[in-house]
Amino acid sequence: MRQAERVVVLALDGVYPFELGIPSRILGAADGRYEVLTCTVDGRPVRTNADFSVTVEHGPEALATADTVVIAPITPARVTAELPDEVTAALALIRPKARIVSICTGAFVLAAAGLLDGRKATTHWQLADLFRRMFPRVALDPDVLFVDDDRVLTSAGAASGVDVCLHLVRKDHGSELANTVARRCVIPPFRDGGQAQYIEQPVPEQGAASTAATRAWALERLGQPLTLADLAAHARMSLRTFARRFNDEVGLSPGRWLIQQRVVRARHLLESSDLTVDQIAGQVGFATGASLRQHLHAAIGVSPQAYRRTFQAVR
């Protein structure tokens with residue numbers, strides 16, 4: 001086994017304790033592949049956004065030893081367009097080839113340091129307008145759970161830190177280990193949808209029938225040419241009622257959700273099988289391999305062949 005990758009998590013004043021612990025919990029479940037350390041800009045305790053402070057074992061010098069640096073989020077009241085001198089000095093210690101990850105408002109820290117200029121990034125959907133005003137040179141996408149832009153990764157609010165850490169395991173060591181980590185932590189290896197499903201929406205009327213059973217039914221039939229009429233008929237709703245209720249519950253239209261689920265299934269088959277792209281397309285419900293290529297590229301920015309090469313290299 002190769003040497004464990006060192007991951008250093010930077011805790012700033014106002015840090016959210018839940019997100020601060022995500023890297024250690026997720027990456028720490030990866031069979032010793034990662035060594036996770038936590039540091040502050042001066043080695044002293046930091047105040048959290050809760051009613052307690054946290055004490056760490058390391059100062060900023062740990063950042064100079066990191067293969068991956070994670071910027072934990074801070075309360076929005078503390079985000080600024082310019083960083084305090086001590087934070088700037090700490091970030092300057094990060095090695096040029098190190099991978100950098102932010103969780104939630106940690107993206108504001110990276111953007112203030114100029115590390116997101118010209119890049120695609122994300123942060124919590126509630127702060128998207130503020131982020132755009134403060135950092136217009138960043139291509140913000142508030143609809144996704146995380147963005148992987150080469151060596152810089154940004155994730156959305158709170159639990160999306162889990163998603164991006166699982167993505168790191170999958171990218172570094174393959175889907176088998178990532179799925180094992182997910183089972184150990186009792187979390188899904190992939191989460192459906194993006195941030196849209198968590199944006200405040202009208203609550204479905206009390207007693208209204210759910211589309212959950214129909215979604216489960218559809219997942220067992222992704223290889224079939226499912227239509228909105230098929231889904232509505234299974235749910236015993238009119239087309240209009242079903243589409244409205246589905247969007248209220250999921251944050252996506254039924255058509256977009258089906259495409260998303262087919263892409264997720266295709267990714268799994270690309271990682272775990274030797275089926276051709278055309279065969280995979282048929283199994284997940286895309287009419288042609290070209291359609292699969294188009295939707296996969298739209299979702300994650302790579303071709304099926306490139307995606308497969310990435311994961312075959314770590315299988």
# chains A, B, ... in the order shown; residues from 1 in each chain; ligands from 1
call {"tool": "select_by_dssp", "arguments": {"residues": "segment 1-46 of chain A", "states": "strand (DSSP E)", "output": "list of chain:residue names"}}
result
A:Glu5, A:Arg6, A:Val7, A:Val8, A:Val9, A:Leu10, A:Tyr34, A:Glu35, A:Val36, A:Leu37, A:Thr38, A:Cys39, A:Val46
call {"tool": "residues_around", "arguments": {"residues": "segment 180-188 of chain A", "least_positions_apart": "5", "cutoff": "7 Å", "atoms": "only C-alpha atoms", "output": "PyMOL selection string"}}
result
chain A and resi 26+29-30
call {"tool": "write_last_selection", "arguments": {"atoms": "C-alpha atoms", "output": "compact mmCIF listing (two decimals), in the first residue's frame"}}
result
# COMPACT_ATOMS: atom_id res chain seq x y z
CA ILE A 26 -15.07 10.19 5.86
CA ALA A 29 -12.80 5.43 7.15
CA ALA A 30 -10.74 4.73 4.00
call {"tool": "residues_around", "arguments": {"residues": "Ala287 of chain A", "least_positions_apart": "3", "cutoff": "10 Å", "atoms": "only C-alpha atoms", "output": "PyMOL selection string"}}
result
chain A and resi 223-225+278+281-284+290-292
call {"tool": "write_last_selection", "arguments": {"atoms": "N, CA and C atoms", "output": "compact mmCIF listing (two decimals), in the first residue's frame"}}
result
# COMPACT_ATOMS: atom_id res chain seq x y z
N GLY A 223 -33.66 1.16 -17.89
CA GLY A 223 -33.36 0.73 -19.25
C GLY A 223 -34.53 0.84 -20.20
N GLN A 224 -35.71 1.13 -19.68
CA GLN A 224 -36.90 1.24 -20.51
C GLN A 224 -37.16 2.70 -20.89
N PRO A 225 -37.84 2.94 -22.00
CA PRO A 225 -38.12 4.32 -22.44
C PRO A 225 -39.27 4.94 -21.65
N ASP A 278 -21.84 1.75 -25.85
CA ASP A 278 -23.16 1.51 -26.43
C ASP A 278 -23.97 0.53 -25.58
N ALA A 281 -25.13 2.39 -22.53
CA ALA A 281 -26.22 3.30 -22.90
C ALA A 281 -27.54 2.55 -22.97
N GLY A 282 -27.54 1.37 -23.58
CA GLY A 282 -28.76 0.58 -23.68
C GLY A 282 -29.28 0.14 -22.33
N GLN A 283 -28.37 -0.22 -21.44
CA GLN A 283 -28.79 -0.72 -20.13
C GLN A 283 -29.38 0.38 -19.25
N VAL A 284 -28.95 1.61 -19.44
CA VAL A 284 -29.44 2.68 -18.56
C VAL A 284 -30.53 3.54 -19.20
N ALA A 290 -23.90 7.92 -28.24
CA ALA A 290 -23.69 9.35 -28.40
C ALA A 290 -24.50 10.14 -27.38
N SER A 291 -25.72 9.67 -27.11
CA SER A 291 -26.56 10.34 -26.11
C SER A 291 -25.93 10.22 -24.72
N LEU A 292 -25.40 9.04 -24.39
CA LEU A 292 -24.72 8.87 -23.11
C LEU A 292 -23.52 9.80 -23.01
call {"tool": "closest_atom_pairs", "arguments": {"of": "segment 133-174 of chain A", "to": "segment 67-82 of chain A", "cutoff": "12 Å", "atoms": "only C-alpha atoms", "output": "JSON lines"}}
result
{"residue": "A:Arg133", "atom": "CA", "partner": "A:Ala81", "partner_atom": "CA", "distance": 9.8}
{"residue": "A:Met134", "atom": "CA", "partner": "A:Ala81", "partner_atom": "CA", "distance": 6.1}
{"residue": "A:Phe135", "atom": "CA", "partner": "A:Ala81", "partner_atom": "CA", "distance": 7.7}
{"residue": "A:Pro136", "atom": "CA", "partner": "A:Ala81", "partner_atom": "CA", "distance": 11.2}
{"residue": "A:Arg151", "atom": "CA", "partner": "A:Thr68", "partner_atom": "CA", "distance": 9.1}
{"residue": "A:Val152", "atom": "CA", "partner": "A:Thr68", "partner_atom": "CA", "distance": 9.7}
{"residue": "A:Leu153", "atom": "CA", "partner": "A:Val70", "partner_atom": "CA", "distance": 9.2}
{"residue": "A:Thr154", "atom": "CA", "partner": "A:Ile71", "partner_atom": "CA", "distance": 9.4}
{"residue": "A:Ser155", "atom": "CA", "partner": "A:Pro73", "partner_atom": "CA", "distance": 10.2}
{"residue": "A:Ala156", "atom": "CA", "partner": "A:Pro73", "partner_atom": "CA", "distance": 10.0}
{"residue": "A:Gly157", "atom": "CA", "partner": "A:Pro73", "partner_atom": "CA", "distance": 8.7}
{"residue": "A:Ala158", "atom": "CA", "partner": "A:Pro73", "partner_atom": "CA", "distance": 8.4}
{"residue": "A:Ala159", "atom": "CA", "partner": "A:Pro73", "partner_atom": "CA", "distance": 11.5}
{"residue": "A:Ser160", "atom": "CA", "partner": "A:Pro73", "partner_atom": "CA", "distance": 11.6}
{"residue": "A:Gly161", "atom": "CA", "partner": "A:Ala72", "partner_atom": "CA", "distance": 9.0}
{"residue": "A:Val164", "atom": "CA", "partner": "A:Val70", "partner_atom": "CA", "distance": 10.6}
{"residue": "A:Cys165", "atom": "CA", "partner": "A:Val70", "partner_atom": "CA", "distance": 9.7}
{"residue": "A:Leu168", "atom": "CA", "partner": "A:Thr68", "partner_atom": "CA", "distance": 9.9}
{"residue": "A:Asp172", "atom": "CA", "partner": "A:Thr68", "partner_atom": "CA", "distance": 11.7}
call {"tool": "residues_around", "arguments": {"residues": "Asp117 of chain A", "least_positions_apart": "5", "cutoff": "7 Å", "atoms": "only C-alpha atoms", "output": "number ranges by chain"}}
result
A: 111, 137-138
call {"tool": "select_by_dssp", "arguments": {"residues": "segment 93-289 of chain A", "states": "helix (DSSP H, G or I)", "output": "count of residues only"}}
result
101
